[in-house]
>>> print(open('model-v4.cif').read())   # mmCIF, C-alpha atoms
data_upload
loop_
_atom_site.label_atom_id
_atom_site.label_comp_id
_atom_site.auth_asym_id
_atom_site.auth_seq_id
_atom_site.Cartn_x
_atom_site.Cartn_y
_atom_site.Cartn_z
CA MET A 1 -74.13 64.61 21.25
CA GLU A 2 -73.83 60.85 21.66
CA GLY A 3 -77.44 60.35 20.65
CA SER A 4 -77.08 62.45 17.52
CA SER A 5 -74.02 60.41 16.53
CA ARG A 6 -76.02 57.23 16.78
CA LYS A 7 -78.74 58.66 14.57
CA ARG A 8 -76.22 59.30 11.82
CA ILE A 9 -75.22 55.61 11.76
CA LYS A 10 -77.70 53.89 9.48
CA LYS A 11 -78.06 50.20 8.82
CA ALA A 12 -76.73 49.18 5.44
CA VAL A 13 -79.36 48.62 2.76
CA THR A 14 -79.71 44.92 1.92
CA LEU A 15 -80.90 43.00 -1.12
CA ALA A 16 -84.08 42.25 0.79
CA ASP A 17 -84.70 45.99 1.31
CA VAL A 18 -84.42 46.59 -2.44
CA GLY A 19 -86.68 43.62 -3.10
CA ARG A 20 -89.40 44.92 -0.76
CA GLU A 21 -89.26 48.29 -2.49
CA VAL A 22 -90.00 46.66 -5.84
CA GLY A 23 -92.08 43.70 -4.66
CA VAL A 24 -89.68 40.94 -5.68
CA SER A 25 -87.47 38.47 -3.85
CA ALA A 26 -83.92 39.18 -2.65
CA MET A 27 -82.81 36.41 -5.02
CA ALA A 28 -84.22 38.31 -7.98
CA VAL A 29 -82.44 41.48 -6.87
CA SER A 30 -79.17 39.55 -6.53
CA ALA A 31 -79.61 38.15 -10.03
CA VAL A 32 -79.90 41.67 -11.45
CA ILE A 33 -77.25 43.40 -9.36
CA ASN A 34 -74.71 40.65 -8.70
CA GLY A 35 -75.29 38.47 -11.75
CA THR A 36 -76.24 35.38 -9.74
CA LYS A 37 -78.22 32.62 -11.37
CA THR A 38 -81.97 32.26 -10.83
CA SER A 39 -84.59 29.91 -12.24
CA SER A 40 -87.11 32.74 -12.62
CA ARG A 41 -87.26 34.94 -15.67
CA ILE A 42 -86.89 38.64 -14.90
CA SER A 43 -88.50 41.03 -17.35
CA ASP A 44 -86.70 44.11 -18.62
CA GLU A 45 -89.27 46.27 -16.84
CA THR A 46 -88.65 44.57 -13.48
CA ARG A 47 -84.91 44.70 -14.04
CA GLN A 48 -85.11 48.45 -14.56
CA LYS A 49 -87.26 48.91 -11.42
CA ILE A 50 -84.71 46.98 -9.37
CA LEU A 51 -81.84 49.13 -10.61
CA GLU A 52 -83.78 52.31 -9.93
CA ALA A 53 -84.71 51.16 -6.42
CA ALA A 54 -81.12 50.21 -5.65
CA ALA A 55 -79.97 53.66 -6.71
CA ARG A 56 -82.77 55.37 -4.77
CA LEU A 57 -81.98 53.44 -1.58
CA ASN A 58 -78.22 53.93 -2.07
CA TYR A 59 -77.59 50.19 -2.06
CA ARG A 60 -73.94 49.16 -1.89
CA PRO A 61 -72.97 45.61 -2.88
CA ASN A 62 -71.45 43.33 -0.26
CA MET A 63 -68.03 42.69 -1.78
CA ALA A 64 -67.37 39.64 0.36
CA ALA A 65 -70.59 38.04 -0.87
CA ARG A 66 -69.88 39.05 -4.44
CA SER A 67 -66.44 37.44 -4.24
CA LEU A 68 -68.09 34.12 -3.37
CA VAL A 69 -69.96 34.31 -6.65
CA SER A 70 -67.06 35.45 -8.82
CA ARG A 71 -64.52 33.30 -6.92
CA ARG A 72 -62.12 36.21 -6.63
CA MET A 73 -61.43 39.13 -4.33
CA ASN A 74 -59.75 41.31 -7.00
CA THR A 75 -56.99 41.80 -4.45
CA LEU A 76 -53.32 40.93 -4.87
CA GLY A 77 -50.84 40.43 -2.08
CA VAL A 78 -47.34 41.89 -2.07
CA THR A 79 -44.88 40.38 0.40
CA THR A 80 -41.41 41.60 1.28
CA VAL A 81 -39.05 41.87 4.23
CA PHE A 82 -38.75 45.15 6.08
CA SER A 83 -35.97 45.38 8.64
CA GLY A 84 -34.28 48.23 10.44
CA ASN A 85 -35.38 51.82 10.36
CA GLN A 86 -34.31 52.89 6.89
CA LEU A 87 -36.33 53.24 3.70
CA ASN A 88 -36.29 50.34 1.27
CA LEU A 89 -35.75 52.41 -1.88
CA TYR A 90 -35.76 49.35 -4.13
CA PHE A 91 -39.17 48.24 -2.84
CA PHE A 92 -40.78 51.65 -3.33
CA GLU A 93 -39.63 51.80 -6.95
CA VAL A 94 -41.13 48.35 -7.59
CA PHE A 95 -44.27 49.18 -5.63
CA ASP A 96 -44.86 52.26 -7.76
CA GLY A 97 -45.16 50.01 -10.80
CA ILE A 98 -47.32 47.50 -8.93
CA MET A 99 -49.80 50.17 -7.92
CA ALA A 100 -49.99 51.66 -11.41
CA ALA A 101 -50.72 48.26 -12.97
CA ALA A 102 -53.17 47.30 -10.21
CA ASN A 103 -55.16 50.45 -10.92
CA ARG A 104 -55.14 49.65 -14.62
CA ARG A 105 -56.28 46.05 -14.05
CA GLY A 106 -58.94 46.91 -11.45
CA GLN A 107 -57.08 45.26 -8.57
CA ASN A 108 -56.57 46.19 -4.93
CA ILE A 109 -53.24 45.67 -3.20
CA THR A 110 -52.56 44.35 0.29
CA VAL A 111 -48.97 44.60 1.52
CA PHE A 112 -47.67 41.94 3.90
CA THR A 113 -44.37 42.38 5.72
CA LEU A 114 -42.03 39.77 7.13
CA ALA A 115 -39.14 39.99 9.57
CA ASP A 116 -37.34 37.42 7.41
CA TRP A 117 -38.12 34.77 4.80
CA LYS A 118 -37.77 31.77 7.11
CA HIS A 119 -41.30 31.76 8.50
CA MET A 120 -43.22 30.20 5.63
CA GLU A 121 -46.28 29.68 7.84
CA GLN A 122 -46.86 33.43 7.75
CA ILE A 123 -47.05 33.41 3.95
CA SER A 124 -49.57 30.56 4.21
CA ARG A 125 -51.68 32.66 6.57
CA PHE A 126 -51.61 35.54 4.11
CA CYS A 127 -53.16 33.22 1.50
CA ASP A 128 -56.28 32.54 3.57
CA GLY A 129 -58.80 33.74 0.99
CA ARG A 130 -58.28 37.48 1.25
CA ILE A 131 -56.07 37.61 -1.88
CA ASP A 132 -56.20 35.97 -5.31
CA GLY A 133 -52.42 35.82 -5.85
CA MET A 134 -49.17 37.11 -4.45
CA ILE A 135 -46.05 38.95 -5.61
CA LEU A 136 -42.87 38.13 -3.69
CA VAL A 137 -40.42 41.04 -3.78
CA ALA A 138 -36.76 39.95 -3.58
CA PRO A 139 -37.50 36.68 -1.75
CA VAL A 140 -34.60 34.86 -0.09
CA ILE A 141 -36.23 31.49 0.49
CA GLU A 142 -33.94 28.57 1.29
CA HIS A 143 -34.20 25.66 -1.10
CA GLU A 144 -35.62 23.25 1.47
CA LEU A 145 -38.41 25.72 2.33
CA VAL A 146 -39.60 26.36 -1.22
CA SER A 147 -41.94 23.37 -1.13
CA GLN A 148 -43.77 24.96 1.81
CA LEU A 149 -45.19 27.77 -0.30
CA PRO A 150 -48.99 27.43 -0.42
CA THR A 151 -50.43 26.04 -3.64
CA ASN A 152 -53.92 27.54 -3.45
CA VAL A 153 -52.88 30.84 -5.08
CA PRO A 154 -50.42 31.69 -7.88
CA PHE A 155 -47.17 33.50 -7.16
CA VAL A 156 -44.85 35.79 -9.12
CA SER A 157 -41.45 36.84 -7.81
CA LEU A 158 -38.99 39.65 -8.48
CA HIS A 159 -35.26 39.00 -8.07
CA SER A 160 -35.71 35.68 -6.31
CA ASN A 161 -32.49 34.51 -4.66
CA GLU A 162 -33.34 30.84 -5.34
CA PRO A 163 -35.35 29.19 -8.12
CA ILE A 164 -38.96 28.69 -7.05
CA PRO A 165 -40.61 25.86 -9.03
CA GLY A 166 -43.73 26.95 -10.86
CA VAL A 167 -43.16 30.65 -10.16
CA VAL A 168 -42.34 33.15 -12.88
CA ASP A 169 -39.39 35.26 -11.74
CA LEU A 170 -38.63 38.74 -13.06
CA GLU A 171 -34.94 39.58 -13.04
CA SER A 172 -32.65 42.21 -14.51
CA ASP A 173 -29.30 41.76 -16.22
CA GLU A 174 -27.33 42.78 -13.15
CA LYS A 175 -24.00 41.39 -14.32
CA GLU A 176 -24.16 43.33 -17.58
CA GLY A 177 -25.20 46.51 -15.78
CA ALA A 178 -22.27 46.24 -13.36
CA TYR A 179 -19.93 45.44 -16.23
CA GLN A 180 -20.96 48.49 -18.23
CA MET A 181 -20.71 50.84 -15.25
CA VAL A 182 -17.23 49.64 -14.29
CA LYS A 183 -16.15 49.88 -17.93
CA HIS A 184 -17.38 53.48 -17.86
CA LEU A 185 -15.28 54.18 -14.75
CA ILE A 186 -12.23 52.65 -16.42
CA GLY A 187 -12.88 54.71 -19.54
CA GLN A 188 -12.87 57.82 -17.37
CA GLY A 189 -9.36 56.93 -16.23
CA HIS A 190 -10.29 55.34 -12.90
CA HIS A 191 -7.95 52.37 -12.50
CA ARG A 192 -8.16 51.52 -8.77
CA ILE A 193 -11.83 50.83 -8.23
CA LEU A 194 -13.11 49.82 -4.83
CA HIS A 195 -16.25 47.68 -4.75
CA LEU A 196 -18.65 47.89 -1.81
CA ALA A 197 -20.34 44.55 -2.41
CA GLY A 198 -23.46 43.05 -0.91
CA PRO A 199 -23.55 39.69 0.90
CA PHE A 200 -21.72 37.15 -1.22
CA ASP A 201 -24.49 34.59 -0.71
CA ARG A 202 -27.06 36.80 -2.40
CA THR A 203 -27.56 36.15 -6.10
CA GLY A 204 -27.88 39.82 -7.04
CA SER A 205 -24.73 40.80 -5.15
CA SER A 206 -22.70 37.98 -6.70
CA ARG A 207 -23.85 38.93 -10.20
CA ARG A 208 -22.79 42.52 -9.67
CA LEU A 209 -19.44 41.33 -8.34
CA ASP A 210 -19.07 39.11 -11.43
CA GLY A 211 -19.71 42.12 -13.67
CA TYR A 212 -17.12 44.14 -11.77
CA ARG A 213 -14.51 41.39 -12.13
CA GLN A 214 -15.27 40.80 -15.82
CA ALA A 215 -14.88 44.50 -16.62
CA LEU A 216 -11.47 44.54 -14.95
CA PHE A 217 -10.40 41.38 -16.78
CA ASP A 218 -11.54 42.63 -20.19
CA SER A 219 -9.64 45.88 -19.58
CA GLY A 220 -6.42 44.06 -18.72
CA MET A 221 -6.58 45.11 -15.07
CA PRO A 222 -5.95 42.80 -12.10
CA TYR A 223 -8.64 41.78 -9.66
CA ASP A 224 -7.55 42.74 -6.15
CA GLU A 225 -9.51 41.15 -3.30
CA ASP A 226 -8.32 43.96 -1.04
CA LEU A 227 -10.46 46.32 -3.10
CA VAL A 228 -13.66 44.35 -2.43
CA ILE A 229 -15.52 44.95 0.83
CA GLU A 230 -18.40 42.64 1.67
CA THR A 231 -21.16 44.48 3.50
CA ASP A 232 -24.93 44.40 3.65
CA TYR A 233 -27.66 46.84 2.71
CA THR A 234 -27.90 48.78 5.99
CA MET A 235 -26.29 52.19 6.23
CA ASP A 236 -24.73 51.67 9.66
CA VAL A 237 -22.98 48.46 8.61
CA VAL A 238 -21.73 50.05 5.37
CA ARG A 239 -20.26 53.00 7.27
CA SER A 240 -18.60 50.68 9.78
CA ARG A 241 -17.02 48.41 7.15
CA LEU A 242 -15.78 51.31 5.07
CA ARG A 243 -14.30 53.05 8.13
CA GLU A 244 -12.46 49.85 9.01
CA TRP A 245 -11.03 49.69 5.50
CA MET A 246 -10.08 53.37 5.45
CA ASP A 247 -8.37 53.16 8.85
CA SER A 248 -6.34 50.13 7.76
CA HIS A 249 -5.19 51.90 4.58
CA LEU A 250 -4.04 55.22 6.00
CA ALA A 251 -1.27 56.93 4.02
CA GLN A 252 -2.00 54.71 1.01
CA SER A 253 -3.37 55.94 -2.27
CA LEU A 254 -7.09 56.57 -2.25
CA PRO A 255 -8.95 54.49 -4.85
CA ASP A 256 -9.97 56.40 -7.95
CA ALA A 257 -13.59 55.30 -7.68
CA VAL A 258 -16.07 53.24 -5.65
CA PHE A 259 -18.64 50.99 -7.33
CA CYS A 260 -21.42 50.34 -4.80
CA VAL A 261 -23.86 47.44 -4.84
CA ASN A 262 -26.85 49.79 -4.59
CA ASP A 263 -27.75 53.45 -4.22
CA LEU A 264 -28.23 53.41 -0.46
CA VAL A 265 -24.76 51.90 -0.04
CA ALA A 266 -23.43 54.65 -2.31
CA VAL A 267 -25.03 57.34 -0.13
CA SER A 268 -23.47 55.76 2.97
CA CYS A 269 -20.13 55.65 1.17
CA ILE A 270 -20.27 59.32 0.24
CA GLU A 271 -21.13 60.29 3.81
CA THR A 272 -18.28 58.20 5.23
CA LEU A 273 -15.77 59.59 2.75
CA GLY A 274 -16.90 63.05 3.83
CA ASP A 275 -16.02 62.17 7.42
CA TYR A 276 -12.45 61.66 6.21
CA GLY A 277 -12.41 64.96 4.35
CA PHE A 278 -12.90 63.55 0.86
CA ARG A 279 -15.45 65.03 -1.51
CA VAL A 280 -17.27 63.42 -4.43
CA PRO A 281 -16.40 63.75 -7.26
CA GLU A 282 -13.47 66.13 -6.56
CA HIS A 283 -11.37 63.51 -4.75
CA ILE A 284 -13.05 60.22 -5.66
CA ALA A 285 -15.84 59.01 -7.94
CA VAL A 286 -18.79 57.06 -6.51
CA CYS A 287 -21.63 55.25 -8.26
CA GLY A 288 -24.52 53.06 -7.18
CA PHE A 289 -26.96 50.54 -8.60
CA ASP A 290 -30.77 50.55 -9.08
CA ASP A 291 -31.17 54.24 -10.08
CA THR A 292 -33.68 54.90 -7.33
CA LEU A 293 -35.07 58.31 -6.41
CA VAL A 294 -32.04 59.09 -4.24
CA ALA A 295 -29.73 58.69 -7.26
CA ARG A 296 -31.95 60.79 -9.50
CA THR A 297 -32.08 63.64 -6.99
CA THR A 298 -28.43 63.69 -5.83
CA HIS A 299 -26.59 63.53 -9.19
CA LEU A 300 -25.41 60.00 -8.36
CA SER A 301 -24.33 57.82 -11.27
CA SER A 302 -26.15 54.51 -11.07
CA VAL A 303 -27.17 51.44 -13.02
CA ARG A 304 -30.81 51.71 -13.94
CA GLN A 305 -33.02 48.71 -13.41
CA PRO A 306 -36.52 49.17 -14.85
CA LEU A 307 -38.02 48.50 -11.42
CA LYS A 308 -41.32 50.26 -12.05
CA GLU A 309 -41.79 48.33 -15.29
CA MET A 310 -40.92 45.08 -13.53
CA GLY A 311 -43.51 45.71 -10.82
CA SER A 312 -46.11 46.48 -13.47
CA ARG A 313 -45.30 43.34 -15.45
CA ALA A 314 -45.53 41.24 -12.28
CA VAL A 315 -49.14 42.38 -11.80
CA ASP A 316 -50.06 41.60 -15.41
CA ILE A 317 -48.57 38.11 -15.22
CA LEU A 318 -50.26 37.38 -11.90
CA VAL A 319 -53.70 38.61 -13.00
CA ASP A 320 -53.44 36.57 -16.20
CA GLN A 321 -52.60 33.48 -14.15
CA ILE A 322 -55.58 34.11 -11.86
CA ASP A 323 -57.88 34.50 -14.87
CA ALA A 324 -56.56 31.27 -16.36
CA HIS A 325 -57.15 29.44 -13.10
CA LEU A 326 -60.75 30.65 -12.90
CA ARG A 327 -61.29 29.44 -16.48
CA ASN A 328 -60.00 26.05 -15.30
CA GLU A 329 -57.08 26.31 -17.66
CA ASP A 330 -53.93 24.49 -16.67
CA SER A 331 -51.49 26.96 -15.09
CA LYS A 332 -47.75 26.45 -14.83
CA PRO A 333 -46.85 23.21 -13.04
CA ARG A 334 -44.98 23.42 -9.76
CA ASP A 335 -41.92 21.68 -11.21
CA SER A 336 -41.13 24.42 -13.71
CA ARG A 337 -39.87 27.99 -13.49
CA SER A 338 -39.51 30.65 -16.12
CA THR A 339 -37.47 33.83 -15.95
CA ILE A 340 -38.13 37.14 -17.64
CA LEU A 341 -34.93 39.15 -17.98
CA PHE A 342 -35.01 42.94 -18.15
CA PRO A 343 -32.14 45.06 -19.49
CA THR A 344 -30.06 47.38 -17.31
CA GLN A 345 -28.42 50.64 -18.30
CA PRO A 346 -25.68 52.79 -16.72
CA VAL A 347 -26.85 56.33 -16.06
CA VAL A 348 -23.87 58.68 -15.81
CA ARG A 349 -24.15 61.73 -13.60
CA ALA A 350 -21.78 64.14 -11.86
CA SER A 351 -20.64 61.72 -9.12
CA THR A 352 -18.29 59.84 -11.48
CA ARG A 353 -16.60 62.81 -13.09
CA ARG A 354 -12.81 62.48 -12.70
CA THR A 355 -11.31 65.65 -11.20
CA GLY A 356 -8.41 64.68 -8.97
CA HIS A 357 -6.57 62.16 -6.76
CA ASN A 358 -5.62 62.12 -3.07
CA GLU A 359 -4.03 60.12 -0.28
CA CYS A 360 -6.07 58.22 2.33
#
>>> encode(input="model-v4.cif", output="structure tokens")
Amino acid sequence: MEGSSRKRIKKAVTLADVGREVGVSAMAVSAVINGTKTSSRISDETRQKILEAAARLNYRPNMAARSLVSRRMNTLGVTTVFSGNQLNLYFFEVFDGIMAAANRRGQNITVFTLADWKHMEQISRFCDGRIDGMILVAPVIEHELVSQLPTNVPFVSLHSNEPIPGVVDLESDEKEGAYQMVKHLIGQGHHRILHLAGPFDRTGSSRRLDGYRQALFDSGMPYDEDLVIETDYTMDVVRSRLREWMDSHLAQSLPDAVFCVNDLVAVSCIETLGDYGFRVPEHIAVCGFDDTLVARTTHLSSVRQPLKEMGSRAVDILVDQIDAHLRNEDSKPRDSRSTILFPTQPVVRASTRRTGHNEC
């Protein structure tokens, strides 16, 4: 059995093998198949014989060698942070768009994961020649570390927490999306609106909080800090913070609605409210942000970010930058940064229908 397995493993056909079949040099074969330069003229008849021999011998090009000629791997890197044991719904929406555009542009994708954004040396190792450019998904890179990004490949970012000089950043109008969703809740008659916010030091979270506050102000309603709970994006922490708030507000009026910083926080909120005997939307309205798959499949109102489109656009921008670099055209200098802003849109579903009111 072992011997028969070895027989099935055949040595890969080389350029020299094809050349011997036709009676020409490996360099001539490379010129025909890989487009390398040669000082010898190759007739159309010889060219055809080489192609036929390559097909007959089942020759497969060495992509690593070909990349040395073309100066590109046709591979893009995607880097993000994965922590905990829960799905990153935001990333998968973005990645769907990245993959669709990569297929359209003839690119491969390599995903790199980080424990956090502090170890810039890992990003440098990722840019060791195996990729032509990199997409940073929701990077939280401290200002003093930005200069440590490698300069040998171009970068594009999505929802960067800090400006990255020379890197095009794709963002969405998060403040406007939050504003419109909270205005919708107010229009439905929800006047006490709890906000499960993200970390206050995150740009996206602060923009959504700003939209929440502006909607209250424009509606003539007071901003109550007691109705804002700072949490993070992990389900266990969200449940813990909301339980603490619920336990400290026993016998008080239940808020009319909860505006959550993202869809996963909204799911955690709904589960925690259920532990206290409250149902959505019968007793309280709940909405999220991002409009990920979980919102679309659970009738959860949410603010739609065009995440798939943003991922797709990131690939197009990055490939265009790589092409420009290979043409020796001047790419964006490291001391500049441009932002592409995408619109957001509230998507109203059953979870924000007003049906009743209860006590905590």
>>> resolve_selection(input="model-v4.cif", expression="the PyMOL selection byres ((chain A and resi 201) around 12)", output="PyMOL selection string")
chain A and resi 140+142+161-162+197-200+202-207+209+230-232
>>> resolve_selection(input="model-v4.cif", expression="the PyMOL selection byres ((chain A and resi 243-258) around 6)", output="PyMOL selection string")
chain A and resi 190+192-195+240-242+259+284-286+358-360
>>> atom_distance(input="model-v4.cif", atom1="CA of Asn262 in chain A", atom2="CA of Gly288 in chain A")
4.8 Å
>>> residues_around(input="model-v4.cif", residues="Ser338 in chain A", least_positions_apart="4", cutoff="10 Å", atoms="all atoms listed in the file", output="PyMOL selection string")
chain A and resi 163-170+332
>>> resolve_selection(input="model-v4.cif", expression="the PyMOL selection byres ((chain A and resi 294-304) around 9)", output="PyMOL selection string")
chain A and resi 89+174+177-178+180-181+260+262-264+266-267+286-293+305-307+343-352
>>> closest_residue(input="model-v4.cif", among="A:Arg60, A:Arg313, A:Ala54, A:Ile98", to="Lys11 in chain A", atoms="only C-alpha atoms")
A:Arg60
>>> decode(input="model-v4.cif", residues="range 73-122 of chain A", atoms="C-alpha atoms", output="mmCIF file, in the first residue's frame")
data_model
loop_
_atom_site.group_PDB
_atom_site.id
_atom_site.type_symbol
_atom_site.label_atom_id
_atom_site.label_comp_id
_atom_site.auth_asym_id
_atom_site.auth_seq_id
_atom_site.Cartn_x
_atom_site.Cartn_y
_atom_site.Cartn_z
ATOM 1 C CA MET A 73 1.553 37.825 -5.590
ATOM 2 C CA ASN A 74 -2.058 38.746 -6.471
ATOM 3 C CA THR A 75 -2.791 38.188 -2.791
ATOM 4 C CA LEU A 76 -4.232 40.710 -0.355
ATOM 5 C CA GLY A 77 -3.990 40.536 3.404
ATOM 6 C CA VAL A 78 -6.897 41.194 5.747
ATOM 7 C CA THR A 79 -6.020 41.861 9.382
ATOM 8 C CA THR A 80 -8.364 42.150 12.334
ATOM 9 C CA VAL A 81 -8.557 41.314 16.022
ATOM 10 C CA PHE A 82 -10.371 38.191 17.140
ATOM 11 C CA SER A 83 -10.918 37.809 20.864
ATOM 12 C CA GLY A 84 -13.161 35.649 22.986
ATOM 13 C CA ASN A 85 -15.286 32.813 21.735
ATOM 14 C CA GLN A 86 -18.099 34.660 19.990
ATOM 15 C CA LEU A 87 -18.641 35.386 16.315
ATOM 16 C CA ASN A 88 -17.536 38.755 14.997
ATOM 17 C CA LEU A 89 -20.669 39.498 12.982
ATOM 18 C CA TYR A 90 -19.338 42.849 11.778
ATOM 19 C CA PHE A 91 -16.197 41.235 10.343
ATOM 20 C CA PHE A 92 -18.096 38.529 8.473
ATOM 21 C CA GLU A 93 -20.326 41.108 6.777
ATOM 22 C CA VAL A 94 -17.244 43.068 5.662
ATOM 23 C CA PHE A 95 -15.401 39.910 4.660
ATOM 24 C CA ASP A 96 -18.280 38.858 2.423
ATOM 25 C CA GLY A 97 -17.724 42.011 0.375
ATOM 26 C CA ILE A 98 -13.955 41.556 0.400
ATOM 27 C CA MET A 99 -14.218 38.045 -0.985
ATOM 28 C CA ALA A 100 -16.689 39.047 -3.697
ATOM 29 C CA ALA A 101 -14.436 41.871 -4.899
ATOM 30 C CA ALA A 102 -11.290 39.739 -4.652
ATOM 31 C CA ASN A 103 -12.888 37.159 -6.917
ATOM 32 C CA ARG A 104 -13.857 39.885 -9.366
ATOM 33 C CA ARG A 105 -10.349 41.398 -9.370
ATOM 34 C CA GLY A 106 -8.505 38.058 -9.591
ATOM 35 C CA GLN A 107 -7.042 38.306 -6.093
ATOM 36 C CA ASN A 108 -6.477 35.770 -3.330
ATOM 37 C CA ILE A 109 -7.098 36.637 0.311
ATOM 38 C CA THR A 110 -5.006 35.759 3.347
ATOM 39 C CA VAL A 111 -6.549 36.515 6.741
ATOM 40 C CA PHE A 112 -4.252 37.471 9.614
ATOM 41 C CA THR A 113 -5.536 37.629 13.183
ATOM 42 C CA LEU A 114 -4.220 39.601 16.125
ATOM 43 C CA ALA A 115 -4.870 39.347 19.846
ATOM 44 C CA ASP A 116 -4.804 43.157 19.946
ATOM 45 C CA TRP A 117 -3.531 46.094 17.893
ATOM 46 C CA LYS A 118 -0.512 46.866 20.084
ATOM 47 C CA HIS A 119 1.918 44.415 18.507
ATOM 48 C CA MET A 120 2.874 46.247 15.333
ATOM 49 C CA GLU A 121 5.782 43.877 14.722
ATOM 50 C CA GLN A 122 3.260 41.181 13.818
#
